[in-house]
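Content type PDB, C-alpha atoms, pLDDT in the B column, from the file input-v5.pdb:
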ATOM      1  CA  MET F 230       0.000   0.000   0.000  1.00 46.00           C
ATOM      2  CA  ALA F 231       2.428   2.626  -1.228  1.00 48.00           C
ATOM      3  CA  GLN F 232      -0.235   5.141  -2.291  1.00 69.00           C
ATOM      4  CA  ASN F 233       0.249   8.672  -1.099  1.00 85.00           C
ATOM      5  CA  LEU F 234      -3.394   9.673  -0.934  1.00 89.00           C
ATOM      6  CA  LYS F 235      -4.298  12.801   0.993  1.00 88.00           C
ATOM      7  CA  ILE F 236      -7.447  14.694   1.960  1.00 91.00           C
ATOM      8  CA  ASN F 237      -9.055  16.599  -0.974  1.00 90.00           C
ATOM      9  CA  ASP F 238      -7.435  14.311  -3.593  1.00 90.00           C
ATOM     10  CA  LYS F 239      -9.761  13.255  -6.403  1.00 93.00           C
ATOM     11  CA  VAL F 240      -9.848   9.452  -6.742  1.00 93.00           C
ATOM     12  CA  LEU F 241     -11.510   6.830  -8.922  1.00 94.00           C
ATOM     13  CA  VAL F 242     -13.082   3.732  -7.352  1.00 94.00           C
ATOM     14  CA  ILE F 243     -11.686   0.768  -9.298  1.00 94.00           C
ATOM     15  CA  SER F 244     -13.581  -2.083  -7.628  1.00 92.00           C
ATOM     16  CA  GLY F 245     -16.672  -2.711  -5.538  1.00 88.00           C
ATOM     17  CA  ASP F 246     -20.250  -1.446  -5.678  1.00 89.00           C
ATOM     18  CA  HIS F 247     -19.238   2.091  -6.674  1.00 91.00           C
ATOM     19  CA  LYS F 248     -16.809   1.033  -9.430  1.00 93.00           C
ATOM     20  CA  GLY F 249     -16.137   3.783 -11.951  1.00 93.00           C
ATOM     21  CA  THR F 250     -17.203   6.727  -9.796  1.00 93.00           C
ATOM     22  CA  GLU F 251     -14.933   9.668  -9.006  1.00 94.00           C
ATOM     23  CA  ALA F 252     -15.048  11.397  -5.642  1.00 93.00           C
ATOM     24  CA  LYS F 253     -13.036  13.597  -3.301  1.00 94.00           C
ATOM     25  CA  ILE F 254     -11.436  12.169  -0.155  1.00 93.00           C
ATOM     26  CA  VAL F 255     -12.973  13.559   3.042  1.00 93.00           C
ATOM     27  CA  ARG F 256     -11.048  11.573   5.672  1.00 93.00           C
ATOM     28  CA  ILE F 257      -8.360   8.870   5.740  1.00 93.00           C
ATOM     29  CA  ASP F 258      -7.888   6.150   8.366  1.00 91.00           C
ATOM     30  CA  ARG F 259      -4.299   4.990   7.858  1.00 89.00           C
ATOM     31  CA  VAL F 260      -4.441   2.365  10.640  1.00 92.00           C
ATOM     32  CA  ASN F 261      -7.289   0.420   9.006  1.00 92.00           C
ATOM     33  CA  GLY F 262      -6.340   1.382   5.437  1.00 91.00           C
ATOM     34  CA  LYS F 263      -9.692   3.041   4.650  1.00 93.00           C
ATOM     35  CA  ALA F 264     -10.713   6.326   3.017  1.00 94.00           C
ATOM     36  CA  CYS F 265     -14.048   8.110   3.359  1.00 93.00           C
ATOM     37  CA  LEU F 266     -15.260   9.592   0.083  1.00 94.00           C
ATOM     38  CA  GLU F 267     -17.665  12.475  -0.446  1.00 92.00           C
ATOM     39  CA  GLY F 268     -21.141  11.130  -1.240  1.00 90.00           C
ATOM     40  CA  ILE F 269     -20.078   7.454  -1.318  1.00 91.00           C
ATOM     41  CA  GLY F 270     -20.578   4.956   1.501  1.00 87.00           C
ATOM     42  CA  LEU F 271     -23.029   7.037   3.529  1.00 91.00           C
ATOM     43  CA  VAL F 272     -25.159   5.078   5.995  1.00 92.00           C
ATOM     44  CA  GLU F 273     -27.657   6.059   8.659  1.00 94.00           C
ATOM     45  CA  ARG F 274     -26.833   4.937  12.158  1.00 92.00           C
ATOM     46  CA  HIS F 275     -29.656   4.735  14.714  1.00 94.00           C
ATOM     47  CA  MET F 276     -28.570   6.393  17.937  1.00 93.00           C
ATOM     48  CA  LYS F 277     -29.974   5.480  21.334  1.00 93.00           C
ATOM     49  CA  LYS F 278     -31.099   8.212  23.732  1.00 94.00           C
ATOM     50  CA  THR F 279     -28.339   8.981  26.215  1.00 93.00           C
ATOM     51  CA  GLN F 280     -27.421  11.727  28.642  1.00 93.00           C
ATOM     52  CA  TYR F 281     -25.160  13.293  26.006  1.00 91.00           C
ATOM     53  CA  ASN F 282     -27.633  12.777  23.156  1.00 88.00           C
ATOM     54  CA  PRO F 283     -31.093  13.205  24.724  1.00 91.00           C
ATOM     55  CA  ALA F 284     -32.900  13.375  21.387  1.00 90.00           C
ATOM     56  CA  GLY F 285     -31.507  10.112  19.998  1.00 90.00           C
ATOM     57  CA  GLY F 286     -32.476   9.608  16.351  1.00 93.00           C
ATOM     58  CA  LYS F 287     -30.482   8.965  13.202  1.00 93.00           C
ATOM     59  CA  LYS F 288     -26.943  10.023  12.363  1.00 90.00           C
ATOM     60  CA  THR F 289     -25.336   9.815   8.918  1.00 91.00           C
ATOM     61  CA  ILE F 290     -21.812   8.359   8.923  1.00 89.00           C
ATOM     62  CA  HIS F 291     -19.240   7.426   6.269  1.00 88.00           C
ATOM     63  CA  LEU F 292     -18.191   3.838   5.732  1.00 89.00           C
ATOM     64  CA  GLY F 293     -14.616   3.673   4.559  1.00 90.00           C
ATOM     65  CA  ILE F 294     -13.510   2.216   1.237  1.00 92.00           C
ATOM     66  CA  ASP F 295     -10.267   0.243   1.222  1.00 93.00           C
ATOM     67  CA  LEU F 296      -7.291   2.200  -0.130  1.00 92.00           C
ATOM     68  CA  SER F 297      -6.438  -0.633  -2.517  1.00 92.00           C
ATOM     69  CA  ASN F 298      -9.753  -0.020  -4.318  1.00 93.00           C
ATOM     70  CA  LEU F 299      -8.877   3.597  -5.113  1.00 93.00           C
ATOM     71  CA  LYS F 300      -6.854   5.139  -7.920  1.00 92.00           C
ATOM     72  CA  LEU F 301      -5.529   8.707  -7.806  1.00 90.00           C
ATOM     73  CA  VAL F 302      -6.978  10.899 -10.565  1.00 90.00           C
ATOM     74  CA  GLU F 303      -5.988  14.390  -9.476  1.00 84.00           C
ATOM     75  CA  ALA F 304      -3.819  15.405  -6.532  1.00 84.00           C
ATOM     76  CA  ALA F 305      -4.914  18.229  -4.244  1.00 79.00           C
ATOM     77  CA  LYS F 306      -3.230  21.595  -4.672  1.00 79.00           C
ATOM     78  CA  PHE F 307      -0.337  22.019  -2.279  1.00 71.00           C
ATOM     79  CA  GLU F 308       0.025  25.433  -0.688  1.00 68.00           C
ATOM     80  CA  LYS F 309       3.214  26.223   1.142  1.00 68.00           C
ATOM     81  CA  LYS F 310       2.669  27.541   4.644  1.00 66.00           C
ATOM     82  CA  THR F 311       4.545  30.757   5.185  1.00 67.00           C
ATOM     83  CA  SER F 312       6.013  31.931   8.434  1.00 66.00           C
ATOM     84  CA  LYS F 313       5.188  35.311   9.973  1.00 65.00           C
ATOM     85  CA  LYS F 314       8.606  36.599   8.984  1.00 65.00           C
ATOM     86  CA  ASP F 315       8.042  35.735   5.308  1.00 68.00           C
ATOM     87  CA  ALA F 316       4.584  37.332   5.400  1.00 67.00           C
ATOM     88  CA  LYS F 317       6.069  40.611   6.715  1.00 67.00           C
ATOM     89  CA  ASN F 318       8.689  40.619   3.942  1.00 66.00           C
ATOM     90  CA  ASP F 319       5.989  40.054   1.310  1.00 67.00           C
ATOM     91  CA  LYS F 320       3.969  42.995   2.652  1.00 62.00           C
ATOM     92  CA  LYS F 321       7.050  45.243   2.526  1.00 63.00           C
ATOM     93  CA  LEU F 322       7.728  44.210  -1.071  1.00 64.00           C
ATOM     94  CA  LYS F 323       4.123  44.914  -2.078  1.00 66.00           C
ATOM     95  CA  LYS F 324       4.209  48.402  -0.489  1.00 64.00           C
ATOM     96  CA  GLY F 325       7.423  49.260  -2.301  1.00 60.00           C
ATOM     97  CA  ALA F 326       6.070  48.090  -5.669  1.00 58.00           C
ATOM     98  CA  LYS F 327       3.322  50.740  -5.751  1.00 52.00           C
TER      99      LYS F 327
END
Final structure tokens representation of the file:
Amino acid sequence: MAQNLKINDKVLVISGDHKGTEAKIVRIDRVNGKACLEGIGLVERHMKKTQYNPAGGKKTIHLGIDLSNLKLVEAAKFEKKTSKKDAKNDKKLKKGAK
């Protein structure tokens, strides 16, 4: 499992019930080797009334799809995080350019 899948990557499901569909990754569980896709694998879970959830009712959750059943179509855009020092230098450059 040498795939480098990340959140917001666009993937293609290559096997299973949703074969051939493209979706965006919402969450990844690296321990179990599963990925939750947007709009795929949604199930309703019936919740019991508890002290923390007095209303009870239904809750929609994602079921993960195995990483081996996914193929990367488009990687998410990578944005470099800048430090405060770099941000100050950029502001100074922009002021001087006017």
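Evaluating the PyMOL selection byres ((chain F and resi 296-301) around 6) against the shown model yields F:Val240, F:Leu241, F:Val242, F:Ile243, F:Ser244, F:Gly262, F:Lys263, F:Asp295, F:Val302, F:Glu303.
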Would you mind exporting C-alpha atoms of the selected residues as a PDB file, keeping the file's coordinate frame?
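And here is the file that came out, again37.pdb:
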ATOM      1  CA  VAL F 240      -9.848   9.452  -6.742  1.00 93.00           C
ATOM      2  CA  LEU F 241     -11.510   6.830  -8.922  1.00 94.00           C
ATOM      3  CA  VAL F 242     -13.082   3.732  -7.352  1.00 94.00           C
ATOM      4  CA  ILE F 243     -11.686   0.768  -9.298  1.00 94.00           C
ATOM      5  CA  SER F 244     -13.581  -2.083  -7.628  1.00 92.00           C
ATOM      6  CA  GLY F 262      -6.340   1.382   5.437  1.00 91.00           C
ATOM      7  CA  LYS F 263      -9.692   3.041   4.650  1.00 93.00           C
ATOM      8  CA  ASP F 295     -10.267   0.243   1.222  1.00 93.00           C
ATOM      9  CA  VAL F 302      -6.978  10.899 -10.565  1.00 90.00           C
ATOM     10  CA  GLU F 303      -5.988  14.390  -9.476  1.00 84.00           C
TER      11      GLU F 303
END
Using all atoms listed in the file: which of F:Ala304, F:Ala284, F:Ile269, F:Leu234 has the shortest distance to Asp246 of chain F: F:Ile269
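In terms of minimum interatomic distance to Phe307 of chain F, F:Asn237 ranks closest within F:Thr289, F:Gln280, F:Asn237, F:Thr250, counting only C-alpha atoms.
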Expected residue set, 7 Å radius at (-14.9, 9.5, 6.3), all atoms listed in the file, as a PyMOL selection string: chain F and resi 255-257+264-266+291-293
Please return the centre and edge lengths, in Å to one decimal, of a box with edges along x, y and z that contains all listed atoms of segment 292-300 of chain F, widened by 6 Å on every side, as AutoDock Vina command-line options.
--center_x -12.3 --center_y 2.3 --center_z -1.1 --size_x 23.8 --size_y 17.8 --size_z 25.7
Residue IDs satisfying the PyMOL selection byres ((chain F and resi 272) around 7), as a PyMOL selection string: chain F and resi 270-271+273-274+289-291
Once you have the residues from the selection above, write them out as a compact mmCIF listing (two decimals), in the frame of the given file, restricted to C-alpha atoms.
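Full text of selection-v2.txt as output:
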# COMPACT_ATOMS: atom_id res chain seq x y z
CA GLY F 270 -20.58 4.96 1.50
CA LEU F 271 -23.03 7.04 3.53
CA GLU F 273 -27.66 6.06 8.66
CA ARG F 274 -26.83 4.94 12.16
CA THR F 289 -25.34 9.82 8.92
CA ILE F 290 -21.81 8.36 8.92
CA HIS F 291 -19.24 7.43 6.27
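Straight-line separation from atom CA of Lys248 of chain F to atom CA of His275 of chain F: 27.6 Å.
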